[in-house]
Structure formats: structure tokens, C-alpha cells
>>> print(open('query.pdb').read())   # PDB, C-alpha atoms
ATOM      1  CA  MET A   1     -11.594  -9.158  -7.218  1.00  0.00           C
ATOM      2  CA  PHE A   2     -14.320  -7.552  -5.056  1.00  0.00           C
ATOM      3  CA  LYS A   3     -17.413  -5.951  -6.542  1.00  0.00           C
ATOM      4  CA  SER A   4     -18.770  -4.123  -3.513  1.00  0.00           C
ATOM      5  CA  GLN A   5     -17.686  -2.560  -0.251  1.00  0.00           C
ATOM      6  CA  TYR A   6     -19.799  -5.185   1.515  1.00  0.00           C
ATOM      7  CA  GLU A   7     -17.768  -8.025  -0.038  1.00  0.00           C
ATOM      8  CA  LEU A   8     -14.534  -6.259   0.842  1.00  0.00           C
ATOM      9  CA  LYS A   9     -15.685  -5.643   4.424  1.00  0.00           C
ATOM     10  CA  GLN A  10     -16.517  -9.354   4.793  1.00  0.00           C
ATOM     11  CA  TYR A  11     -13.052 -10.218   3.486  1.00  0.00           C
ATOM     12  CA  PHE A  12     -11.450  -7.843   6.000  1.00  0.00           C
ATOM     13  CA  GLU A  13     -13.385  -9.491   8.846  1.00  0.00           C
ATOM     14  CA  GLN A  14     -11.871 -12.847   7.892  1.00  0.00           C
ATOM     15  CA  ASN A  15      -8.472 -11.376   6.977  1.00  0.00           C
ATOM     16  CA  PRO A  16      -7.648  -8.415   9.249  1.00  0.00           C
ATOM     17  CA  ASP A  17      -4.145  -8.104   7.728  1.00  0.00           C
ATOM     18  CA  PRO A  18      -4.946  -8.622   4.020  1.00  0.00           C
ATOM     19  CA  LEU A  19      -1.649  -7.180   2.778  1.00  0.00           C
ATOM     20  CA  ASN A  20       0.479  -8.937   5.434  1.00  0.00           C
ATOM     21  CA  VAL A  21       1.692  -5.593   6.731  1.00  0.00           C
ATOM     22  CA  GLN A  22       1.899  -6.707  10.353  1.00  0.00           C
ATOM     23  CA  LYS A  23       3.315 -10.088   9.392  1.00  0.00           C
ATOM     24  CA  ASN A  24       6.103  -8.315   7.480  1.00  0.00           C
ATOM     25  CA  GLY A  25       7.209  -6.026  10.302  1.00  0.00           C
ATOM     26  CA  GLY A  26       4.457  -3.422  10.506  1.00  0.00           C
ATOM     27  CA  TYR A  27       3.922  -0.038   8.934  1.00  0.00           C
ATOM     28  CA  LYS A  28       6.739   1.444   6.878  1.00  0.00           C
ATOM     29  CA  GLU A  29       7.658   5.020   5.991  1.00  0.00           C
ATOM     30  CA  TYR A  30       7.314   6.242   2.411  1.00  0.00           C
ATOM     31  CA  THR A  31       8.107   9.417   0.535  1.00  0.00           C
ATOM     32  CA  MET A  32       5.534  10.993  -1.778  1.00  0.00           C
ATOM     33  CA  GLN A  33       7.907  10.125  -4.631  1.00  0.00           C
ATOM     34  CA  GLU A  34       7.629   6.440  -3.693  1.00  0.00           C
ATOM     35  CA  VAL A  35       3.844   6.668  -3.480  1.00  0.00           C
ATOM     36  CA  ALA A  36       3.736   8.376  -6.884  1.00  0.00           C
ATOM     37  CA  LEU A  37       5.308   5.278  -8.477  1.00  0.00           C
ATOM     38  CA  HIS A  38       2.198   3.282  -7.515  1.00  0.00           C
ATOM     39  CA  ASN A  39      -0.236   5.065  -9.790  1.00  0.00           C
ATOM     40  CA  ALA A  40      -1.725   2.267 -11.892  1.00  0.00           C
ATOM     41  CA  PRO A  41      -2.706  -1.399 -11.604  1.00  0.00           C
ATOM     42  CA  PRO A  42      -1.355  -3.731 -10.380  1.00  0.00           C
ATOM     43  CA  SER A  43      -0.181  -1.442  -7.564  1.00  0.00           C
ATOM     44  CA  ILE A  44      -2.210   1.621  -6.612  1.00  0.00           C
ATOM     45  CA  CYS A  45      -1.384   3.681  -3.538  1.00  0.00           C
ATOM     46  CA  SER A  46      -2.788   6.897  -2.144  1.00  0.00           C
ATOM     47  CA  VAL A  47      -2.280   9.037   0.953  1.00  0.00           C
ATOM     48  CA  TYR A  48      -4.852  10.241   3.469  1.00  0.00           C
ATOM     49  CA  ASN A  49      -3.814  12.473   6.387  1.00  0.00           C
ATOM     50  CA  GLY A  50      -0.231  11.255   6.162  1.00  0.00           C
ATOM     51  CA  ALA A  51      -1.145   7.547   6.073  1.00  0.00           C
ATOM     52  CA  VAL A  52      -0.313   5.501   2.971  1.00  0.00           C
ATOM     53  CA  TYR A  53      -2.907   3.051   1.677  1.00  0.00           C
ATOM     54  CA  ASP A  54      -2.566   0.376  -0.999  1.00  0.00           C
ATOM     55  CA  ILE A  55      -6.024   0.830  -2.526  1.00  0.00           C
ATOM     56  CA  THR A  56      -5.538  -1.706  -5.331  1.00  0.00           C
ATOM     57  CA  MET A  57      -8.156  -4.129  -4.025  1.00  0.00           C
ATOM     58  CA  TYR A  58     -10.569  -1.302  -3.200  1.00  0.00           C
ATOM     59  CA  VAL A  59     -10.798   0.581  -6.511  1.00  0.00           C
ATOM     60  CA  ASN A  60     -13.477  -1.673  -8.024  1.00  0.00           C
ATOM     61  CA  CYS A  61     -15.535  -1.391  -4.824  1.00  0.00           C
ATOM     62  CA  HIS A  62     -15.781   2.386  -4.900  1.00  0.00           C
ATOM     63  CA  PRO A  63     -19.482   3.284  -5.159  1.00  0.00           C
ATOM     64  CA  GLY A  64     -18.730   5.963  -7.769  1.00  0.00           C
ATOM     65  CA  GLY A  65     -16.689   3.503  -9.814  1.00  0.00           C
ATOM     66  CA  ALA A  66     -12.985   2.912 -10.235  1.00  0.00           C
ATOM     67  CA  LYS A  67     -12.701   5.785 -12.728  1.00  0.00           C
ATOM     68  CA  MET A  68     -13.524   8.291  -9.972  1.00  0.00           C
ATOM     69  CA  LEU A  69     -10.460   7.194  -8.000  1.00  0.00           C
ATOM     70  CA  GLU A  70      -7.976   7.624 -10.848  1.00  0.00           C
ATOM     71  CA  LYS A  71      -7.431  11.236  -9.752  1.00  0.00           C
ATOM     72  CA  VAL A  72      -5.815  10.013  -6.524  1.00  0.00           C
ATOM     73  CA  TYR A  73      -3.667   7.166  -7.853  1.00  0.00           C
ATOM     74  CA  GLY A  74      -0.164   7.798  -6.497  1.00  0.00           C
ATOM     75  CA  LYS A  75      -1.245  11.067  -4.854  1.00  0.00           C
ATOM     76  CA  ASP A  76      -2.556  12.574  -1.644  1.00  0.00           C
ATOM     77  CA  MET A  77      -6.341  12.120  -1.558  1.00  0.00           C
ATOM     78  CA  THR A  78      -6.971  13.997   1.709  1.00  0.00           C
ATOM     79  CA  GLY A  79      -8.543  17.127   0.238  1.00  0.00           C
ATOM     80  CA  LEU A  80     -10.692  15.306  -2.296  1.00  0.00           C
ATOM     81  CA  PHE A  81     -11.837  12.681   0.205  1.00  0.00           C
ATOM     82  CA  ASN A  82     -12.757  15.294   2.811  1.00  0.00           C
ATOM     83  CA  ARG A  83     -14.613  17.351   0.215  1.00  0.00           C
ATOM     84  CA  PHE A  84     -16.916  14.486  -0.784  1.00  0.00           C
ATOM     85  CA  HIS A  85     -16.732  12.076   2.164  1.00  0.00           C
ATOM     86  CA  GLY A  86     -15.751  14.161   5.180  1.00  0.00           C
ATOM     87  CA  TYR A  87     -18.409  12.428   7.270  1.00  0.00           C
ATOM     88  CA  ILE A  88     -16.914   8.964   6.659  1.00  0.00           C
ATOM     89  CA  ASN A  89     -14.278   7.356   8.876  1.00  0.00           C
ATOM     90  CA  ILE A  90     -11.805   6.125   6.282  1.00  0.00           C
ATOM     91  CA  ASP A  91     -10.541   3.380   8.605  1.00  0.00           C
ATOM     92  CA  ASN A  92     -14.001   1.784   8.477  1.00  0.00           C
ATOM     93  CA  VAL A  93     -13.711   1.574   4.702  1.00  0.00           C
ATOM     94  CA  ILE A  94     -10.040   0.883   3.872  1.00  0.00           C
ATOM     95  CA  GLY A  95      -8.288   0.748   7.246  1.00  0.00           C
ATOM     96  CA  PRO A  96      -6.846  -2.734   6.680  1.00  0.00           C
ATOM     97  CA  LEU A  97      -5.209  -1.457   3.483  1.00  0.00           C
ATOM     98  CA  LYS A  98      -2.960   0.960   5.376  1.00  0.00           C
ATOM     99  CA  ILE A  99       0.664   0.120   4.666  1.00  0.00           C
ATOM    100  CA  GLY A 100       2.481   2.962   6.364  1.00  0.00           C
ATOM    101  CA  TYR A 101       3.024   6.681   6.712  1.00  0.00           C
ATOM    102  CA  ILE A 102       4.647   9.501   4.796  1.00  0.00           C
ATOM    103  CA  LYS A 103       8.150  10.253   6.056  1.00  0.00           C
ATOM    104  CA  LYS A 104       8.321  13.441   8.033  1.00  0.00           C
ATOM    105  CA  ALA A 105      10.702  16.070   6.724  1.00  0.00           C
ATOM    106  CA  PRO A 106      13.767  16.258   8.936  1.00  0.00           C
ATOM    107  CA  THR A 107      13.716  19.125  11.375  1.00  0.00           C
ATOM    108  CA  VAL A 108      16.662  21.468  11.414  1.00  0.00           C
ATOM    109  CA  LYS A 109      18.001  22.040  14.923  1.00  0.00           C
ATOM    110  CA  ASN A 110      20.021  25.066  13.952  1.00  0.00           C
ATOM    111  CA  PRO A 111      18.394  26.921  11.058  1.00  0.00           C
ATOM    112  CA  SER A 112      21.406  29.189  10.655  1.00  0.00           C
ATOM    113  CA  SER A 113      23.452  26.168   9.562  1.00  0.00           C
ATOM    114  CA  VAL A 114      21.160  25.719   6.553  1.00  0.00           C
ATOM    115  CA  PHE A 115      21.997  29.175   5.286  1.00  0.00           C
ATOM    116  CA  ASN A 116      25.594  29.183   6.533  1.00  0.00           C
ATOM    117  CA  ILE A 117      24.919  32.127   8.805  1.00  0.00           C
ATOM    118  CA  PRO A 118      27.667  32.495  11.409  1.00  0.00           C
ATOM    119  CA  HIS A 119      26.545  32.216  15.034  1.00  0.00           C
ATOM    120  CA  ASN A 120      28.005  35.627  15.831  1.00  0.00           C
ATOM    121  CA  PHE A 121      25.954  37.303  13.105  1.00  0.00           C
ATOM    122  CA  THR A 122      24.371  40.567  14.151  1.00  0.00           C
ATOM    123  CA  LYS A 123      21.624  42.387  12.393  1.00  0.00           C
ATOM    124  CA  PRO A 124      22.970  45.240  10.252  1.00  0.00           C
ATOM    125  CA  LYS A 125      22.293  48.714  11.533  1.00  0.00           C
ATOM    126  CA  ILE A 126      20.131  50.923   9.397  1.00  0.00           C
ATOM    127  CA  MET A 127      21.765  54.262   8.771  1.00  0.00           C
ATOM    128  CA  LYS A 128      19.593  57.316   9.071  1.00  0.00           C
ATOM    129  CA  LYS A 129      20.071  60.364   6.871  1.00  0.00           C
TER
END
>>> encode(input="query.pdb", output="C-alpha cells")
Amino acid sequence: MFKSQYELKQYFEQNPDPLNVQKNGGYKEYTMQEVALHNAPPSICSVYNGAVYDITMYVNCHPGGAKMLEKVYGKDMTGLFNRFHGYINIDNVIGPLKIGYIKKAPTVKNPSSVFNIPHNFTKPKIMKK
């Protein structure tokens, strides 16, 4: 579709919501398992710092070529991106392709309930010889 980042950037200027994310209710929450299902054309997603991006229309614009991005199809690209492009603000490149965020793991209010530890549990005494 697009052959360069310049072409894609021009498209974003004319179409600030290219994937109709805002039109369809805004950002959604995804699990990494859901992202992993989008690991090949026609639907390629990746995660950066907890944000999920549909990078399908970007892959052919990558200066290193689409092949370089295959390592991050359906995966978290944070470490790899920071290693090679840590100086780049990702939102300036693919910001409009953000579709949501990774679901946060639920927090446990009472950790003892996870392990079925009774509330009146006391630490065992160590016997000395």
C-alpha cells in the first residue's frame, strides 16, 4: 500500500484515525495471546510499552524492509525497538496505528487467599537444640 514512511505520514495527516479506532469506541484492551494471533498478513500486531499497534500498513514502509519486522509480528517489540531506535518517538512513526493496550494482570487484594492461607496463620517457631 505505502512504500515509504513519508507516504504513510502524509496519509496520517489526511486520515488521523486510519483504523477507525476512535470511531469504533476508542482503544480496547488485549491480552498477549490475542496479539499473538495477529502474526502474519493480512493482520499484523505488535506491542510497544504496553500499547498495541496494528502495524499491517506500516511493514512495507520500514526503512530496513518488511523482513526485519517479522521478528515482532504478534509479539512485544519494546526491547528490540529500544535497542535499535531508542532515540525515536514511536508515536511520530506509527502513533495513528495504536489500537489499544495490553490488559493489566488483576491485582490480588488478599494474597493469602491465593494460597489458601488462613488469616490466623502464625509463623512456625523454630526449635533450638
>>> resolve_selection(input="query.pdb", expression="the PyMOL selection byres ((chain A and resi 81) around 12)", output="VMD selection string")
chain A and resid 46 to 49 68 to 69 71 to 72 75 to 80 82 to 90
>>> resolve_selection(input="query.pdb", expression="the PyMOL selection byres ((chain A and resi 44) around 12)", output="MDAnalysis selection string")
chainID A and resid 34:43 45:47 52:60 66 69:75 97 99
>>> axis_aligned_box(input="query.pdb", around="region 88-105 of chain A", padding_each_side="8 Å", output="lines of an AutoDock Vina configuration file")
center_x = -3.1
center_y = 6.7
center_z = 6.2
size_x = 43.6
size_y = 34.8
size_z = 21.4
>>> closest_residue(input="query.pdb", among="A:Gly25, A:Leu19, A:Ala51, A:Gln10", to="Pro96 (chain A)", atoms="all atoms listed in the file")
A:Leu19
>>> closest_residue(input="query.pdb", among="A:Gln5, A:Gln22, A:Gln33, A:Gln14", to="Lys103 (chain A)", atoms="all atoms listed in the file")
A:Gln33
>>> closest_residue(input="query.pdb", among="A:Lys128, A:Tyr27, A:Tyr101, A:Asp91", to="Lys9 (chain A)", atoms="all atoms listed in the file")
A:Asp91
>>> atom_distance(input="query.pdb", atom1="CA of Gly64 (chain A)", atom2="CA of Tyr6 (chain A)")
14.5 Å
>>> atom_distance(input="query.pdb", atom1="CA of Ile102 (chain A)", atom2="CA of Lys3 (chain A)")
29.2 Å
>>> closest_residue(input="query.pdb", among="A:Tyr30, A:Ala105, A:Cys61, A:Ile94", to="Asp17 (chain A)", atoms="only C-alpha atoms")
A:Ile94
